[in-house]
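K.L.:
One structure coming up, written as C-alpha cells, with questions to follow.
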Amino acid sequence: MTFESISIINLKGKKQLAYYKFNRVGVNIILGEKNNNNDDTNGVGKTALFLAIRYCISEKLPIAFAGKQELEKNDAYVILSIETNGKVQRIRRCLFDDSIVYVTENDSIDNFSTVGWDTYDKKGFSNYIQRIMYSKINLKPGETLPNFASIRELLMRDERQGYAADINLPNRNAAITSKCLAFISSVQCNFEEQLSLIKNKINELKDKQKLIASFSKDIDELREKHQSCLKEIEILKNMLSNASVGEKIEYDQERYTELKRQIDTLHQKIHQLEFSKRQQENNKVDLKENVDKVREFIHLEDFYNQILNYFPNQLSCNYKQMYEFYQAMLDDRGSYFDNQIKAIDGKLNILYSQREILLKELSKITTLIKNSKLVSDLQSISNQINEKHKLIAEYEYKLNIYSEKDNIDKSIKAEKEKFNEEQKRLIEIFDSYSNVINDIKSYFNNLINISCLTPKAISGKLEYSFENSNKSKATNGRIKIKCEISDQDSYGRGNLKIILFDLALLLNRIDRNMGLTFLFHDGPYVQITQSKIKFNILIYIDKILKEKNMGQYFVTMNVEELQDSVPYNGETISMMDYFNNLKFNVARLLRTDDSKQRFMGFKY
C-alpha cells in the first residue's frame with residue numbers, strides 16, 4: 001500500500017484548503033519552517049498532519065481535533081488517497097464528527113460530492129482498512145494475526161506515546177505487543193497462543209485437582225452426609241404425604257436442641273481464637289514500641305553523626321550494621337506475629353462459615369416450631385426438601401469429581417507431554433526464521449554504522465528469543481526482543497534505538513513483500529547538535545528504498561535541525577537545500593498572518 005496524497009477541504013463551500021502530495025518511494029519530510037529567527041516552528045501542523053493520516057486509516061477522532069469550533073465552522077474534511085494493488089482509493093473523514101467514513105475508487109466522483117461514495121460505520125471501516133493493509137499477508141497454518149489497530153502504533157510512532165527505552169508500547173498488554181512485534185518482523189506470531197491452549201487445559205485440570213485435595217480428607221464424611229440427606233428427604237416426604245405435622249415439629253425440636261449445642265461450641269472456639277488474635281496484635285505493637293525505645297535510649301544516630309567526621313568509613317559501617325540489627329528484630333518478630341494472625345484469621349473464617357450455616361438452619365427450624373398454621377408448616381417442609389436436594393447436588397458434584405481423581409492425574413501428565421512436544425515443534429518453527437532475524441540484525445547494524453559521527457563506533461545488539469522456561473508463570477512461546485545501543489542514554493539514543501529498529505523491520509518487510517511498506521516517526525531523533533545523525537540515516541534510507549523501488553518513510557522535522565552544511569556536487573550547502581534538491585520536503589509548514597501555510601490552511 002502506498003500513500004499518495006492528503007488534502008483538507010471545506011465540503012459545503014466546495015473549496016480545497018490545503019493539499020500535499022507524497023513521494024511514492026523514499027523519504028517524506030513534514031517540515032516546520034519559520035519566517036524569521038523569532039518564529040516558533042511548533043504549532044504549525046506537523047503532528048496534526050500525522051494525526052490526520054492515522055485518523056484516515058481507522059483511528060478514532062484525535063483529541064487534538066475534538067471539539068474545535070474552527071473545524072466545524074470551516075466544515076473541514078480530510079481526504080487521504082492511497083494506492084493498493086494498482087487501485088487508488090480516496091478516504092474522506094469529517095474532522096469534527098467521526099461517525100461515518102466515506103470511501104471511493106471511482107475517479108469520476110469529485111471530492112466535494114455528497115453522493116456516490118461508499119459509507120462505513122467505525123467497525124465496518126476498521127475491517128475495510130485491515131483488508132487493505134493485510135492484502136499481501138499469507139497466513140501460516142493455524143496462525144492468527146493481530147488486528148491492524150494493534151500494530152498501527154508500531155508503524156506510526158508518536159514520540160509522546162510510542163517511544164520508550166524498550167521495544168514496546170506503553171500501557172499495552174505485553175502478550176499482544178509481543179505478537180505485534182513478531183508479526184511486523186515477518187516472524188510467525190501466535191506461538192504463545194498455541195501453547196496457551198494446552199496450558200489453559202492443564203490449569204483447568206490442576207484446579208480440579210486442588211478442589212479434590214481440598215475435600216479428599218473428608219470424603220468419607222461427605223459420603224455419610226450424602227446418605228444422611230437422602231434419608232432425611234425420605235422422612236420429610238413421608239411427613240408431607242401423610243401431613244404428619246406433629247411428627248415434623250417433634251423432629252425439628254430435637255434438631256433445634258442439637259443445633260443450639262453445636263452453635264454454643266462454635267462460639268466458645270471463636271471467642272478463644274479472637275482473644276488469641278488480639279494478643280498477637282498487641283505483641284506486635286509492643287515489639288515496635290520497645291525497639292523504638294531502645295533506639296532512642298542509645299541515641300545511635302546523634303552519637304554517630306557527632307563523630308562520623310573522625311572515623312567515617314568504620315563508624316558508618318558499624319552504624320549501618322547496628323541499625324539493620326534493630327530493624328531485623330522488628331521485621332523478623334513482626335513477620336512471626338503477622339503469620340500467627342494470618343493463621344488465626346484462616347481458622348476464624350472457617351468457624352464463621354460453619355456458624356452461619358448452622359444459624360440459617362436454626363432460623364428455619366425456629367420459624368416452623370413457632371408456626372401453628374398447617375399450610376405454613378407444609379410449605380416449610382417442602383422448602384426443606386428443596387434445600388436438602390441442593391445439598392445432595394453439591395455432595396454428588398464433589399463425589400463425581402473425586403471419582404475422576406485418577407483420570408485427572410493421568411490427563412495432566414498427558415497434557416504436559418503434549419505441551420512439551422508442541423513447544424519443541426514451535427521452537428523448530430521459530431528456528432526456521434533464523435534467516436529473517438539475521439537479515440533484520442544486519443539492517444540494524446548497518447543503520448548503527450550509518451548513524452555514527454565519530455571514529456568511536458556505537459555498538460548495538462539485537463536479539464530475538466523464544467521463551468521456553470520451565471517456571472510455572474513463564475510466558476512460553478512469547479517472542480522476546482532485546483535491543484541495545486551503547487551509550488544509548490545520551491544524545492537521544494534512547495529514541496534512536498527505536499528508530500533504527502523500526503527501519504530495520506521496514507526494510508525486512510519490503511524484502512519479504514509482506515506489505516506494510518511504510519513507517520512514520522513523529523518527533524525528534526536526537527538533539528539538534530547531533531542533526532547529522534538524522535541526515536545520514538535519511539540519505540541512507542532514501543537510497544535503499546529507491547533501489548528496492550518500494551517503501552515510504554515519513555518523518556516530522558523542524559528547520560532548526562537542517563542548518564548544518566554538507567557537501568553536494570563539489571560545493572557546500574545546507575541540509576535544508578540538500579533535502580530540497582532531493583525533494584524530501586513534501587509539506588513545508590509555517591506561521592503566516594493568514595495561516596494559509598499551516599497544515600489545514602487555517603488556524604484551529
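Residues are referred to by chain and number: the chain letter is A, B, ... according to the order shown in the C-alpha cells, the number counts from 1 in that chain, and ligands are numbered separately from 1 in the order shown.
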Which residues are near Thr104 of chain A? Cut-off 7 Å, only C-alpha atoms, ignore same chain within fewer than 6 positions. Put them as a list in words.
P.N.:
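Residues meeting the cut-off are Gln89, Arg90, Ile91, Trp117 and Asp118 of chain A.
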K.L.:
Go ahead and save the picked residues with all heavy atoms, as a tab-separated table (two decimals), in the first residue's frame.
P.N.:
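File written: again.tsv
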chain	number	residue	atom	x	y	z
A	89	GLN	N	-7.71	4.47	-3.86
A	89	GLN	CA	-8.91	4.73	-3.05
A	89	GLN	C	-8.76	6.08	-2.38
A	89	GLN	O	-7.66	6.47	-1.96
A	89	GLN	CB	-9.08	3.66	-1.96
A	89	GLN	CG	-9.38	2.28	-2.49
A	89	GLN	CD	-8.17	1.36	-2.38
A	89	GLN	OE1	-7.05	1.82	-2.35
A	89	GLN	NE2	-8.42	0.07	-2.33
A	90	ARG	N	-9.86	6.79	-2.31
A	90	ARG	CA	-9.90	8.03	-1.55
A	90	ARG	C	-10.76	7.81	-0.30
A	90	ARG	O	-11.86	7.25	-0.39
A	90	ARG	CB	-10.48	9.17	-2.38
A	90	ARG	CG	-9.50	9.77	-3.37
A	90	ARG	CD	-10.18	10.80	-4.25
A	90	ARG	NE	-11.13	10.19	-5.18
A	90	ARG	CZ	-12.10	10.84	-5.80
A	90	ARG	NH1	-12.30	12.14	-5.56
A	90	ARG	NH2	-12.91	10.22	-6.64
A	91	ILE	N	-10.22	8.21	0.82
A	91	ILE	CA	-10.90	8.06	2.11
A	91	ILE	C	-11.20	9.46	2.63
A	91	ILE	O	-10.28	10.28	2.78
A	91	ILE	CB	-10.04	7.30	3.12
A	91	ILE	CG1	-9.73	5.89	2.60
A	91	ILE	CG2	-10.72	7.22	4.49
A	91	ILE	CD1	-8.62	5.19	3.34
A	117	TRP	N	-20.32	8.03	-2.91
A	117	TRP	CA	-19.28	7.46	-2.03
A	117	TRP	C	-19.86	6.29	-1.25
A	117	TRP	O	-21.01	6.33	-0.81
A	117	TRP	CB	-18.78	8.51	-1.04
A	117	TRP	CG	-18.02	9.66	-1.64
A	117	TRP	CD1	-18.54	10.66	-2.40
A	117	TRP	CD2	-16.63	9.92	-1.50
A	117	TRP	NE1	-17.55	11.54	-2.76
A	117	TRP	CE2	-16.35	11.12	-2.21
A	117	TRP	CE3	-15.56	9.29	-0.85
A	117	TRP	CZ2	-15.08	11.67	-2.30
A	117	TRP	CZ3	-14.29	9.85	-0.92
A	117	TRP	CH2	-14.06	11.02	-1.64
A	118	ASP	N	-19.07	5.24	-1.07
A	118	ASP	CA	-19.45	4.15	-0.16
A	118	ASP	C	-19.30	4.66	1.27
A	118	ASP	O	-18.36	5.40	1.58
A	118	ASP	CB	-18.56	2.93	-0.36
A	118	ASP	CG	-18.69	2.33	-1.76
A	118	ASP	OD1	-19.81	2.39	-2.30
A	118	ASP	OD2	-17.68	1.83	-2.29
K.L.:
Write out as an mmCIF file with N, CA, C and O atoms, in the first residue's frame which residues come within 7 Å of Ile341 of chain A when counting only C-alpha atoms, dropping same-chain ones fewer than 3 positions away.
P.N.:
data_model
loop_
_atom_site.group_PDB
_atom_site.id
_atom_site.type_symbol
_atom_site.label_atom_id
_atom_site.label_comp_id
_atom_site.auth_asym_id
_atom_site.auth_seq_id
_atom_site.Cartn_x
_atom_site.Cartn_y
_atom_site.Cartn_z
ATOM 1 N N LYS A 277 -5.947 -13.731 68.772
ATOM 2 C CA LYS A 277 -5.588 -12.776 67.719
ATOM 3 C C LYS A 277 -5.266 -11.412 68.313
ATOM 4 O O LYS A 277 -4.283 -10.756 67.921
ATOM 5 N N GLN A 280 -1.801 -11.424 69.804
ATOM 6 C CA GLN A 280 -0.726 -11.339 68.813
ATOM 7 C C GLN A 280 -0.591 -9.920 68.274
ATOM 8 O O GLN A 280 0.518 -9.427 68.045
ATOM 9 N N PHE A 337 4.558 -12.579 64.098
ATOM 10 C CA PHE A 337 3.217 -12.246 64.598
ATOM 11 C C PHE A 337 2.215 -12.118 63.448
ATOM 12 O O PHE A 337 1.057 -12.511 63.578
ATOM 13 N N ASP A 338 2.666 -11.550 62.319
ATOM 14 C CA ASP A 338 1.769 -11.432 61.151
ATOM 15 C C ASP A 338 1.305 -12.812 60.695
ATOM 16 O O ASP A 338 0.138 -13.025 60.371
ATOM 17 N N ILE A 344 -4.628 -17.511 62.347
ATOM 18 C CA ILE A 344 -5.846 -17.418 63.184
ATOM 19 C C ILE A 344 -7.022 -16.961 62.339
ATOM 20 O O ILE A 344 -8.143 -17.474 62.463
ATOM 21 N N ASP A 345 -6.772 -15.966 61.455
ATOM 22 C CA ASP A 345 -7.846 -15.483 60.567
ATOM 23 C C ASP A 345 -8.392 -16.617 59.704
ATOM 24 O O ASP A 345 -9.595 -16.708 59.466
#
K.L.:
Show which residues sit within 7 Å of Leu71 of chain A, as a PDB file with N, CA, C and O atoms, in the first residue's frame. Count only C-alpha atoms, and ignore same-chain residues fewer than 4 positions away.
P.N.:
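Listing of result_37.pdb after writing:
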ATOM      1  N   ASP A  75     -16.335  23.536   8.044  1.00  0.00           N
ATOM      2  CA  ASP A  75     -16.857  22.272   7.510  1.00  0.00           C
ATOM      3  C   ASP A  75     -15.698  21.420   6.977  1.00  0.00           C
ATOM      4  O   ASP A  75     -15.706  20.940   5.839  1.00  0.00           O
ATOM      5  N   ALA A  76     -14.686  21.240   7.841  1.00  0.00           N
ATOM      6  CA  ALA A  76     -13.409  20.660   7.418  1.00  0.00           C
ATOM      7  C   ALA A  76     -13.464  19.136   7.342  1.00  0.00           C
ATOM      8  O   ALA A  76     -13.890  18.463   8.291  1.00  0.00           O
ATOM      9  N   LEU A  95     -13.667  16.092  10.194  1.00  0.00           N
ATOM     10  CA  LEU A  95     -12.726  16.401  11.273  1.00  0.00           C
ATOM     11  C   LEU A  95     -13.410  16.840  12.567  1.00  0.00           C
ATOM     12  O   LEU A  95     -12.724  17.176  13.537  1.00  0.00           O
ATOM     13  N   PHE A  96     -14.746  16.839  12.579  1.00  0.00           N
ATOM     14  CA  PHE A  96     -15.439  17.167  13.831  1.00  0.00           C
ATOM     15  C   PHE A  96     -16.543  16.163  14.150  1.00  0.00           C
ATOM     16  O   PHE A  96     -17.266  16.318  15.122  1.00  0.00           O
ATOM     17  N   TYR A 604      -6.831  26.521  13.976  1.00  0.00           N
ATOM     18  CA  TYR A 604      -7.996  25.964  14.677  1.00  0.00           C
ATOM     19  C   TYR A 604      -7.715  25.815  16.159  1.00  0.00           C
ATOM     20  O   TYR A 604      -6.580  25.893  16.594  1.00  0.00           O
TER      21      TYR A 604
END
K.L.:
Using DSSP on the backbone coordinates, identify the residues of segment 80-201 of chain A assigned to strand (DSSP E); present them as a ChimeraX atom specification.
P.N.:
/A:80-84,87-94,101-104,118-120,156-158
K.L.:
Would you kindly return, as a ChimeraX atom specification, each protein, DNA or RNA residue with an atom no farther than 7 Å from any atom of Ile270 of chain A, considering only C-alpha atoms and excluding same-chain residues fewer than 4 positions away?
P.N.:
/A:266,274,348,351
K.L.:
Please save C-alpha atoms of the selected residues as a PDB file, in the first residue's frame.
P.N.:
ATOM      1  CA  LEU A 266     -18.528 -22.853  67.892  1.00  0.00           C
ATOM      2  CA  GLU A 274     -10.410 -13.875  68.714  1.00  0.00           C
ATOM      3  CA  LEU A 348     -11.827 -17.968  62.197  1.00  0.00           C
ATOM      4  CA  LEU A 351     -15.673 -21.223  62.024  1.00  0.00           C
TER       5      LEU A 351
END
K.L.:
Find the residues of segment 70-185 of chain A that sit at most 12 Å from segment 435-450 of chain A; for each, write down the nearest two atoms and how far apart they are in Å, to one decimal. Count only C-alpha atoms. Sort by chain, then by number going up, and give it as CSV.
P.N.:
residue,atom,partner,partner_atom,distance
A:Ala182,CA,A:Ile437,CA,10.2
A:Phe183,CA,A:Val436,CA,11.9
A:Ile184,CA,A:Ile440,CA,11.2
A:Ser185,CA,A:Ile437,CA,7.9
K.L.:
With C-alpha atoms retained, write the just-selected residues as a JSON list (two decimals), in the first residue's frame.
P.N.:
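What ended up in part-v3.json:
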[["chain", "number", "residue", "atom", "x", "y", "z"],
["A", 182, "ALA", "CA", 6.79, -10.65, 15.84],
["A", 183, "PHE", "CA", 4.23, -10.05, 13.09],
["A", 184, "ILE", "CA", 5.83, -6.87, 11.74],
["A", 185, "SER", "CA", 9.18, -8.71, 11.94]]
K.L.:
Between atom CA of Thr47 of chain A and atom CA of Val25 of chain A, what is the distance, to one decimal in Å?
P.N.:
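Computed distance, atom CA of Thr47 of chain A to atom CA of Val25 of chain A, equals 21.4 Å.
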K.L.:
I'd like the neighbourhood of Val88 of chain A as a count of residues only, where a residue qualifies if any of its atoms comes within 8 Å (using only C-alpha atoms), though same-chain residues fewer than 6 positions away should be ignored.
P.N.:
3
